[in-house]
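Structure data (CSV, C-alpha atoms and all ligand atoms) from coords.csv:
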```
chain,number,residue,atom,x,y,z
A,13,MET,CA,0.0,0.0,0.0
A,14,ASP,CA,1.6,3.4,-1.0
A,15,ARG,CA,1.4,6.5,1.2
A,16,SER,CA,-1.7,8.0,-0.4
A,17,GLU,CA,-3.5,4.7,-0.2
A,18,ASN,CA,-2.6,4.6,3.5
A,19,ALA,CA,-3.9,8.1,4.1
A,20,ARG,CA,-7.1,7.1,2.3
A,21,GLU,CA,-7.6,4.1,4.4
A,22,THR,CA,-7.0,6.2,7.6
A,23,VAL,CA,-9.8,8.6,6.6
A,24,LEU,CA,-12.2,5.8,5.7
A,25,LYS,CA,-11.5,4.0,8.9
A,26,ALA,CA,-12.1,7.1,11.0
A,27,SER,CA,-15.3,7.9,9.1
A,28,ARG,CA,-16.5,4.4,9.5
A,29,ALA,CA,-15.8,4.3,13.3
A,30,TYR,CA,-17.6,7.6,13.7
A,31,TYR,CA,-20.8,6.7,11.8
A,32,ALA,CA,-20.8,3.2,13.2
A,33,HIS,CA,-20.8,4.4,16.8
A,34,LEU,CA,-23.0,7.5,16.5
A,35,GLY,CA,-25.4,6.4,13.8
A,36,TYR,CA,-27.9,4.8,16.2
A,37,TYR,CA,-28.1,7.8,18.5
A,38,GLU,CA,-28.2,10.3,15.6
A,39,ASP,CA,-31.0,8.4,14.1
A,40,LEU,CA,-32.9,8.3,17.4
A,41,LEU,CA,-32.3,12.1,17.8
A,42,ALA,CA,-33.4,12.7,14.2
A,43,GLN,CA,-36.7,10.9,14.8
A,44,ARG,CA,-37.3,13.2,17.8
A,45,GLU,CA,-36.1,16.6,16.8
A,46,ARG,CA,-36.7,19.3,14.2
A,47,ARG,CA,-34.4,17.5,11.7
A,48,ALA,CA,-37.4,16.0,10.1
A,49,GLU,CA,-38.3,19.5,8.9
A,50,THR,CA,-34.8,19.9,7.4
A,51,THR,CA,-35.1,16.6,5.5
A,52,LYS,CA,-38.6,17.6,4.2
A,53,ARG,CA,-37.1,20.9,2.9
A,54,GLU,CA,-34.3,19.0,1.2
A,55,LEU,CA,-36.7,16.4,-0.3
A,56,ASP,CA,-38.9,19.2,-1.7
A,57,PHE,CA,-35.7,20.7,-3.3
A,58,LEU,CA,-34.7,17.3,-4.8
A,59,GLU,CA,-38.1,17.0,-6.4
A,60,PHE,CA,-37.9,20.5,-7.7
A,61,ALA,CA,-34.5,19.7,-9.2
A,62,PHE,CA,-35.8,16.5,-10.8
A,63,ARG,CA,-38.6,18.4,-12.5
A,64,ALA,CA,-36.5,21.4,-13.5
A,65,HIS,CA,-33.3,19.8,-14.6
A,66,ALA,CA,-33.8,16.2,-15.9
A,67,THR,CA,-34.9,15.9,-19.5
A,68,HIS,CA,-37.3,13.1,-18.6
A,69,LYS,CA,-39.4,12.0,-15.6
A,70,VAL,CA,-37.1,10.9,-12.8
A,71,ARG,CA,-37.9,7.4,-11.5
A,72,ASP,CA,-34.6,5.6,-10.6
A,73,VAL,CA,-32.6,7.4,-7.9
A,74,LEU,CA,-29.2,6.4,-6.4
A,75,ASP,CA,-27.9,7.9,-3.2
A,76,ILE,CA,-24.2,7.2,-2.9
A,77,ALA,CA,-23.8,7.8,0.8
A,78,CYS,CA,-27.3,7.4,2.2
A,79,GLY,CA,-26.5,7.4,5.9
A,80,ASN,CA,-29.6,6.6,7.9
A,81,GLY,CA,-31.6,6.6,4.7
A,82,ARG,CA,-33.5,9.9,5.3
A,83,HIS,CA,-33.5,10.9,1.7
A,84,VAL,CA,-34.0,7.5,0.0
A,85,VAL,CA,-36.8,6.6,2.4
A,86,GLY,CA,-38.4,10.0,1.9
A,87,LEU,CA,-38.2,9.7,-1.8
A,88,ALA,CA,-39.6,6.2,-1.8
A,89,HIS,CA,-42.6,7.6,0.1
A,90,ARG,CA,-43.0,10.0,-2.8
A,91,GLY,CA,-43.0,7.2,-5.4
A,92,TYR,CA,-39.4,7.0,-6.6
A,93,GLN,CA,-37.5,3.7,-7.0
A,94,CYS,CA,-34.5,4.2,-4.7
A,95,THR,CA,-31.2,2.6,-4.2
A,96,GLY,CA,-29.1,3.7,-1.3
A,97,GLN,CA,-25.6,2.7,-0.4
A,98,ASP,CA,-23.2,3.7,2.4
A,99,TYR,CA,-19.7,2.7,3.3
A,100,THR,CA,-20.6,2.0,6.9
A,101,PRO,CA,-22.5,-1.3,7.3
A,102,GLU,CA,-24.1,0.0,10.6
A,103,GLN,CA,-25.6,3.0,8.7
A,104,VAL,CA,-27.0,0.6,6.0
A,105,GLN,CA,-28.6,-1.4,8.8
A,106,ILE,CA,-30.1,1.8,10.2
A,107,ALA,CA,-31.5,2.8,6.8
A,108,GLN,CA,-32.9,-0.8,6.3
A,109,ALA,CA,-34.6,-0.5,9.7
A,110,ARG,CA,-36.0,2.9,8.8
A,111,ALA,CA,-37.4,1.7,5.5
A,112,LYS,CA,-39.0,-1.3,7.2
A,113,ARG,CA,-40.4,0.8,10.1
A,114,GLU,CA,-41.9,3.2,7.5
A,115,GLY,CA,-43.2,0.5,5.2
A,116,VAL,CA,-41.4,1.4,2.0
A,117,SER,CA,-39.2,-0.6,-0.3
A,118,VAL,CA,-35.7,0.7,-0.9
A,119,LYS,CA,-32.7,-1.3,-2.2
A,120,LEU,CA,-29.9,-0.7,0.4
A,121,LEU,CA,-26.3,-1.9,0.0
A,122,GLN,CA,-22.9,-1.4,1.6
A,123,GLY,CA,-20.5,0.3,-0.8
A,124,ASP,CA,-17.8,2.9,-1.3
A,125,ALA,CA,-18.8,6.1,-3.1
A,126,THR,CA,-15.5,6.0,-5.0
A,127,ARG,CA,-16.1,2.5,-6.3
A,128,LEU,CA,-19.5,2.8,-8.1
A,129,LYS,CA,-19.9,0.2,-10.8
A,130,TYR,CA,-23.1,1.5,-12.4
A,131,GLU,CA,-23.5,2.4,-16.1
A,132,SER,CA,-26.4,4.5,-17.5
A,133,GLU,CA,-28.8,3.2,-14.8
A,134,PHE,CA,-30.1,6.2,-12.9
A,135,ASP,CA,-32.2,9.2,-13.7
A,136,ALA,CA,-30.8,11.0,-10.6
A,137,VAL,CA,-27.8,10.5,-8.4
A,138,LEU,CA,-27.4,12.1,-5.0
A,139,ALA,CA,-24.1,12.9,-3.3
A,140,LEU,CA,-25.3,14.7,-0.2
A,141,TYR,CA,-23.1,15.8,2.7
A,142,ILE,CA,-20.4,13.5,1.5
A,143,LEU,CA,-17.9,15.1,-1.0
A,144,PHE,CA,-16.1,17.1,1.8
A,145,LEU,CA,-15.7,13.9,3.8
A,146,LEU,CA,-14.0,11.8,1.1
A,147,PRO,CA,-10.3,11.0,1.8
A,148,ASP,CA,-8.8,13.2,-0.8
A,149,ASP,CA,-9.5,15.3,-4.0
A,150,ASP,CA,-8.7,12.4,-6.3
A,151,SER,CA,-11.4,10.4,-4.6
A,152,VAL,CA,-13.9,13.3,-5.2
A,153,LEU,CA,-13.0,13.4,-8.9
A,154,THR,CA,-13.3,9.6,-9.2
A,155,CYS,CA,-16.6,9.7,-7.5
A,156,LEU,CA,-18.0,12.5,-9.8
A,157,ARG,CA,-16.8,10.6,-12.9
A,158,GLN,CA,-18.4,7.4,-11.7
A,159,ILE,CA,-21.7,9.3,-11.0
A,160,HIS,CA,-21.5,10.7,-14.5
A,161,ARG,CA,-21.2,7.1,-15.8
A,162,ALA,CA,-24.0,5.9,-13.6
A,163,LEU,CA,-26.5,8.4,-15.0
A,164,LYS,CA,-28.7,7.9,-18.0
A,165,SER,CA,-28.4,10.6,-20.6
A,166,GLY,CA,-30.6,13.5,-19.5
A,167,GLY,CA,-30.3,12.4,-15.8
A,168,ILE,CA,-29.0,14.7,-13.1
A,169,ILE,CA,-26.5,14.8,-10.2
A,170,ILE,CA,-27.4,16.7,-7.1
A,171,CYS,CA,-24.5,17.2,-4.7
A,172,ASN,CA,-23.6,19.7,-2.0
A,173,ILE,CA,-20.8,21.2,0.0
A,174,ALA,CA,-20.7,23.4,3.1
A,175,ASN,CA,-19.7,26.9,2.4
A,176,PRO,CA,-16.4,27.6,4.2
A,177,PHE,CA,-17.1,31.3,4.2
A,178,TYR,CA,-20.4,30.9,6.1
A,179,GLU,CA,-20.5,33.5,8.9
A,180,GLY,CA,-22.8,31.6,11.2
A,181,LYS,CA,-22.1,28.8,13.6
A,182,ASN,CA,-21.2,25.3,12.3
A,183,TRP,CA,-18.2,23.0,12.2
A,184,PHE,CA,-17.7,23.4,8.5
A,185,SER,CA,-16.7,27.0,8.4
A,186,LEU,CA,-13.3,28.7,8.4
A,187,LYS,CA,-14.7,30.8,11.2
A,188,SER,CA,-15.0,27.8,13.5
A,189,ILE,CA,-11.6,26.5,12.3
A,190,HIS,CA,-10.0,29.8,13.2
A,191,GLN,CA,-11.7,29.7,16.6
A,192,GLY,CA,-10.3,26.3,17.0
A,193,HIS,CA,-13.4,24.7,18.6
A,194,TYR,CA,-17.1,24.1,18.1
A,195,PHE,CA,-19.7,23.2,20.7
A,196,LYS,CA,-23.2,21.8,20.0
A,197,GLU,CA,-25.9,20.7,22.3
A,198,VAL,CA,-29.2,19.2,21.3
A,199,ARG,CA,-31.9,18.4,23.8
A,200,VAL,CA,-35.0,16.4,22.9
A,201,PRO,CA,-37.4,14.7,25.3
A,202,GLY,CA,-35.5,11.9,27.0
A,203,MET,CA,-32.2,12.7,25.3
A,204,ARG,CA,-29.3,15.2,25.4
A,205,TYR,CA,-26.5,15.2,22.9
A,206,ILE,CA,-23.4,17.3,23.5
A,207,SER,CA,-20.6,17.5,20.9
A,208,ILE,CA,-17.3,19.2,21.8
A,209,ASP,CA,-15.1,19.5,18.8
A,210,ARG,CA,-11.5,20.8,18.7
A,211,VAL,CA,-9.4,21.5,15.6
A,212,GLN,CA,-6.4,19.3,15.8
A,213,ASP,CA,-4.8,20.3,12.6
A,214,PHE,CA,-5.5,22.7,9.7
A,215,ASP,CA,-3.7,23.0,6.4
A,216,PRO,CA,-4.8,26.3,4.9
A,217,LEU,CA,-2.9,25.5,1.7
A,218,GLN,CA,-4.9,22.4,0.9
A,219,GLY,CA,-8.0,23.5,2.8
A,220,VAL,CA,-8.1,20.4,5.0
A,221,ALA,CA,-9.0,20.4,8.7
A,222,TRP,CA,-8.8,17.5,11.2
A,223,TRP,CA,-11.3,17.7,14.0
A,224,GLN,CA,-11.0,15.9,17.3
A,225,GLU,CA,-14.5,15.3,18.6
A,226,THR,CA,-16.0,14.2,21.9
A,227,HIS,CA,-19.6,13.3,21.9
A,228,VAL,CA,-21.6,12.8,25.1
A,229,ILE,CA,-25.0,11.3,24.8
A,230,GLU,CA,-27.6,10.9,27.5
A,231,ALA,CA,-30.0,8.4,26.1
A,232,PRO,CA,-32.7,6.2,27.5
A,233,ASP,CA,-30.2,3.4,27.7
A,234,GLY,CA,-27.6,5.3,29.6
A,235,VAL,CA,-24.7,7.8,29.1
A,236,HIS,CA,-22.4,7.2,26.2
A,237,ILE,CA,-19.1,8.9,25.4
A,238,PHE,CA,-17.5,8.6,21.9
A,239,ARG,CA,-14.3,10.1,20.7
A,240,ASP,CA,-13.6,10.6,17.0
A,241,HIS,CA,-11.3,12.1,14.5
A,242,GLU,CA,-12.7,13.5,11.3
A,243,ARG,CA,-11.2,15.0,8.2
A,244,LEU,CA,-13.0,17.9,6.6
A,245,ARG,CA,-12.1,19.3,3.2
A,246,LEU,CA,-13.2,23.0,2.8
A,247,PHE,CA,-14.2,23.1,-0.8
A,248,THR,CA,-15.2,26.4,-2.4
A,249,TYR,CA,-17.8,26.9,-5.1
A,250,TRP,CA,-15.0,27.1,-7.7
A,251,ASP,CA,-13.5,23.8,-6.7
A,252,ILE,CA,-16.7,21.9,-7.1
A,253,LEU,CA,-17.6,23.7,-10.3
A,254,HIS,CA,-14.2,22.7,-11.7
A,255,TYR,CA,-14.4,19.0,-10.6
A,256,LEU,CA,-17.9,18.7,-12.0
A,257,GLN,CA,-16.7,20.1,-15.4
A,258,VAL,CA,-13.7,17.7,-15.4
A,259,ALA,CA,-16.0,14.8,-14.6
A,260,GLY,CA,-18.0,15.6,-17.8
A,261,PHE,CA,-20.9,17.8,-16.5
A,262,LYS,CA,-21.6,20.9,-18.5
A,263,GLU,CA,-24.4,23.3,-17.4
A,264,ILE,CA,-24.0,23.5,-13.7
A,265,LYS,CA,-26.4,25.4,-11.5
A,266,CYS,CA,-25.8,26.2,-7.9
A,267,TYR,CA,-28.6,26.9,-5.3
A,268,PRO,CA,-27.6,28.3,-1.9
A,269,ASP,CA,-29.3,26.7,1.1
A,270,TRP,CA,-31.7,24.5,-0.8
A,271,LYS,CA,-33.6,27.6,-2.0
A,272,ILE,CA,-35.2,27.4,-5.4
A,273,LYS,CA,-35.2,31.2,-5.7
A,274,PRO,CA,-31.9,32.7,-4.4
A,275,PRO,CA,-32.7,35.1,-1.6
A,276,LYS,CA,-31.5,38.7,-1.9
A,277,LYS,CA,-28.9,38.2,0.8
A,278,PRO,CA,-28.0,34.6,0.8
A,279,LYS,CA,-26.3,33.3,3.9
A,280,ALA,CA,-25.2,30.3,2.0
A,281,GLU,CA,-24.4,27.8,4.7
A,282,MET,CA,-24.7,25.0,2.1
A,283,LEU,CA,-24.1,25.2,-1.7
A,284,ILE,CA,-26.2,22.7,-3.7
A,285,PHE,CA,-25.0,21.9,-7.3
A,286,VAL,CA,-27.3,20.4,-9.9
A,287,SER,CA,-26.1,19.3,-13.3
A,288,ARG,CA,-27.4,17.2,-16.2
A,289,LYS,CA,-25.6,14.5,-18.2
A,290,ASP,CA,-25.8,15.3,-21.9
B,1,LIG,C1,-22.7,13.3,6.9
B,1,LIG,S1,-23.3,11.7,6.6
B,1,LIG,C2,-24.5,12.0,5.3
B,1,LIG,C3,-25.5,10.9,5.1
B,1,LIG,C4,-26.7,11.3,4.2
B,1,LIG,N1,-26.2,11.6,2.8
B,1,LIG,C5,-27.5,12.4,4.8
B,1,LIG,O1,-27.5,13.5,4.2
B,1,LIG,O2,-28.1,12.2,5.8
B,1,LIG,C6,-22.0,11.0,5.7
B,1,LIG,C7,-22.2,9.5,5.3
B,1,LIG,O3,-21.2,9.1,4.4
B,1,LIG,C8,-20.8,7.8,4.6
B,1,LIG,N2,-19.5,7.6,4.0
B,1,LIG,C9,-18.3,8.1,4.4
B,1,LIG,N3,-17.3,7.8,3.5
B,1,LIG,C10,-17.9,7.1,2.5
B,1,LIG,C11,-17.5,6.5,1.3
B,1,LIG,N4,-16.2,6.5,0.9
B,1,LIG,N5,-18.5,5.8,0.5
B,1,LIG,C12,-19.8,5.8,0.9
B,1,LIG,N6,-20.2,6.3,2.0
B,1,LIG,C13,-19.3,7.0,2.8
B,1,LIG,C14,-20.8,7.7,6.2
B,1,LIG,O4,-20.9,6.4,6.6
B,1,LIG,C15,-22.0,8.5,6.5
B,1,LIG,O5,-23.2,7.7,6.6
```
For the structure just supplied, provide its representation as structure tokens.
Amino acid sequence: MDRSENARETVLKASRAYYAHLGYYEDLLAQRERRAETTKRELDFLEFAFRAHATHKVRDVLDIACGNGRHVVGLAHRGYQCTGQDYTPEQVQIAQARAKREGVSVKLLQGDATRLKYESEFDAVLALYILFLLPDDDSVLTCLRQIHRALKSGGIIICNIANPFYEGKNWFSLKSIHQGHYFKEVRVPGMRYISIDRVQDFDPLQGVAWWQETHVIEAPDGVHIFRDHERLRLFTYWDILHYLQVAGFKEIKCYPDWKIKPPKKPKAEMLIFVSRKD
């Protein structure tokens, strides 16, 4: 294994450990708190993008890092044929349990977003909250090329990144990285979730930060403490525009914060890119 392959394996291992441990509690939290509203807003946006950007009616949708399945299960409720995959087997199990609990059929698999084997199979492919977590930029380009291949002609990609120049509070922004720490507390009936994140390393040249994270969860089954290490790539709008173009996408549209009509003063916490395969 060469050095870059070693670095890639380290990121994948850290990411897997993180989502394997926390997935269950995050899913439990998500079921109890306002996050359902966020997912609904994102699902509405996805349907808007399907209608506005694909040349034909979207039916088959692939989500390349589906996590707890909130998008694929939501889209299945809305009548789409969904396939979800995630690198972390524990997340796939959570997504399967969610689909079962909600009585919808979704194909769910374990898989790496940079090893997609599909060819002209999907009307839409989602890469949501994942590009900035991939181990390196080569993986991002590989992933976007494989998504391009997985799409039918006239089908669309929808992907997003966090805006590093966001002025508000979140762990994706340069502001938090310069502060060196980020604290979050979520309280819902019967649960409290505290996350204390500290910047361990930041390379401003390559736009890569390493966060050291401690999560304390008071859940009905006791108190749990997890420690994690996560790599975050601070992509800008121009980076993703460039990578999408290199991957073969031409007309690329960007929507700040899942808004169909850009607001007068966008805060742009998230940048959502939509593009069609010719
Ligand atoms: C921030 S979560 C986002 C999940 C989902 N897209 C959502 O929006 O709720 C990131 C997910 O990416 C998965 N992941 C990380 N690296 C991956 C890879 N190389 N291939 C596929 N999934 C990956 C993690 O297991 C985790 O479930």
Quiz prompt | At most 7 Å from ligand LIG 1 (chain B) (only C-alpha atoms and all ligand atoms): residue list as a list in words | solution = Leu24, Ser27, Arg28, Tyr31, Ile76, Ala77, Cys78, Gly79, Asn80, Gly81, Arg82, His83, Gln97, Asp98, Tyr99, Thr100, Gln103, Gly123, Asp124, Ala125, Thr126, Ala139, Leu140, Tyr141, Ile142, Leu145 and Leu146 of chain A
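Nearest to Asp240 in chain A of all the residues A:Lys25, A:Arg204, A:Arg110, A:Lys187 is A:Lys25, counting all atoms listed in the file.
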Practice problem: Choose the residue, out of A:Ala109, A:Val85, A:Ile229, A:Val70, that has the smallest atom-to-atom separation from Lys164 in chain A; count all atoms listed in the file. | Solution: A:Val70
Exercise. Find the residue from A:Trp222, A:Tyr255, A:Tyr267, A:Phe238 that sits nearest to Thr22 in chain A; use only C-alpha atoms when measuring.
Key: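 Smallest separation from Thr22 in chain A among the options: A:Trp222.
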Range 57-66 of chain A environment, 12 Å, only C-alpha atoms, sequence neighbours closer than 2 positions dropped, as a compact mmCIF listing (two decimals) with C-alpha atoms, in the frame of the given file:
```
# COMPACT_ATOMS: atom_id res chain seq x y z
CA THR A 50 -34.80 19.90 7.40
CA THR A 51 -35.10 16.60 5.50
CA LYS A 52 -38.60 17.60 4.20
CA ARG A 53 -37.10 20.90 2.90
CA GLU A 54 -34.30 19.00 1.20
CA LEU A 55 -36.70 16.40 -0.30
CA HIS A 68 -37.30 13.10 -18.60
CA LYS A 69 -39.40 12.00 -15.60
CA VAL A 70 -37.10 10.90 -12.80
CA ARG A 71 -37.90 7.40 -11.50
CA ASP A 72 -34.60 5.60 -10.60
CA VAL A 73 -32.60 7.40 -7.90
CA ASP A 75 -27.90 7.90 -3.20
CA HIS A 83 -33.50 10.90 1.70
CA VAL A 84 -34.00 7.50 0.00
CA GLY A 86 -38.40 10.00 1.90
CA LEU A 87 -38.20 9.70 -1.80
CA ALA A 88 -39.60 6.20 -1.80
CA ARG A 90 -43.00 10.00 -2.80
CA GLY A 91 -43.00 7.20 -5.40
CA TYR A 92 -39.40 7.00 -6.60
CA PHE A 134 -30.10 6.20 -12.90
CA ASP A 135 -32.20 9.20 -13.70
CA ALA A 136 -30.80 11.00 -10.60
CA VAL A 137 -27.80 10.50 -8.40
CA LEU A 138 -27.40 12.10 -5.00
CA ALA A 139 -24.10 12.90 -3.30
CA LEU A 140 -25.30 14.70 -0.20
CA LEU A 163 -26.50 8.40 -15.00
CA LYS A 164 -28.70 7.90 -18.00
CA SER A 165 -28.40 10.60 -20.60
CA GLY A 166 -30.60 13.50 -19.50
CA GLY A 167 -30.30 12.40 -15.80
CA ILE A 168 -29.00 14.70 -13.10
CA ILE A 169 -26.50 14.80 -10.20
CA ILE A 170 -27.40 16.70 -7.10
CA CYS A 171 -24.50 17.20 -4.70
CA ASN A 172 -23.60 19.70 -2.00
CA GLU A 263 -24.40 23.30 -17.40
CA ILE A 264 -24.00 23.50 -13.70
CA LYS A 265 -26.40 25.40 -11.50
CA CYS A 266 -25.80 26.20 -7.90
CA TYR A 267 -28.60 26.90 -5.30
CA PRO A 268 -27.60 28.30 -1.90
CA ASP A 269 -29.30 26.70 1.10
CA TRP A 270 -31.70 24.50 -0.80
CA LYS A 271 -33.60 27.60 -2.00
CA ILE A 272 -35.20 27.40 -5.40
CA LYS A 273 -35.20 31.20 -5.70
CA ILE A 284 -26.20 22.70 -3.70
CA PHE A 285 -25.00 21.90 -7.30
CA VAL A 286 -27.30 20.40 -9.90
CA SER A 287 -26.10 19.30 -13.30
CA ARG A 288 -27.40 17.20 -16.20
CA LYS A 289 -25.60 14.50 -18.20
CA ASP A 290 -25.80 15.30 -21.90
```
Quiz item: What is the distance between CA of Ala42 in chain A and CA of Ile208 in chain A, in Å to one decimal?
Solution: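 Separating CA of Ala42 in chain A from CA of Ile208 in chain A is a distance of 19.0 Å.
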Within 12 Å of Pro232 in chain A, counting only C-alpha atoms, which residues show up once you throw out same-chain ones fewer than 2 positions away? Write them as a tab-separated table (two decimals) with C-alpha atoms, in the coordinates of the input, please.
```
chain	number	residue	atom	x	y	z
A	37	TYR	CA	-28.10	7.80	18.50
A	40	LEU	CA	-32.90	8.30	17.40
A	41	LEU	CA	-32.30	12.10	17.80
A	200	VAL	CA	-35.00	16.40	22.90
A	201	PRO	CA	-37.40	14.70	25.30
A	202	GLY	CA	-35.50	11.90	27.00
A	203	MET	CA	-32.20	12.70	25.30
A	204	ARG	CA	-29.30	15.20	25.40
A	205	TYR	CA	-26.50	15.20	22.90
A	229	ILE	CA	-25.00	11.30	24.80
A	230	GLU	CA	-27.60	10.90	27.50
A	234	GLY	CA	-27.60	5.30	29.60
A	235	VAL	CA	-24.70	7.80	29.10
A	236	HIS	CA	-22.40	7.20	26.20
```
Quiz item: Any idea what the distance is between CA of His89 in chain A and CA of Leu143 in chain A?
Solution: 25.8 Å
Practice problem: For CA of Leu156 in chain A and CA of Leu253 in chain A, determine how far apart the two atoms are, in Å to one decimal place. | Solution: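 Those two atoms sit 11.2 Å apart.
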Quiz item: For Glu114 in chain A, which of A:Phe195, A:Tyr30, A:Gln43, A:Pro101 is the closest residue, counting all atoms listed in the file?
Solution: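 Of A:Phe195, A:Tyr30, A:Gln43, A:Pro101, the one nearest Glu114 in chain A, counting all atoms listed in the file, is A:Gln43.
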Practice problem: List the neighbours of Ile252 in chain A out to 9 Å using only C-alpha atoms; skip same-chain residues closer than 4 positions along the sequence, and give me the result as a count of residues only. | Solution: 7
Quiz prompt | Residue among A:Arg20, A:Lys129, A:Lys196, A:Lys119 lying closest to Lys181 in chain A, counting all atoms listed in the file | solution =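 Of A:Arg20, A:Lys129, A:Lys196, A:Lys119, the one nearest Lys181 in chain A is A:Lys196, counting all atoms listed in the file.
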Quiz prompt | Nearest candidate to Trp250 in chain A (options A:Glu38, A:Asn175, A:Leu121, A:Ile106; using all atoms listed in the file) | solution =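 Result for the nearest residue to Trp250 in chain A: A:Asn175.
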Quiz prompt | Non-local contacts of Ile189 in chain A (12 Å; all atoms listed in the file; under 2 positions in same chain excluded) as a VMD selection string | solution = chain A and resid 176 to 179 181 to 187 191 to 194 209 to 216 219 to 224 244 to 246
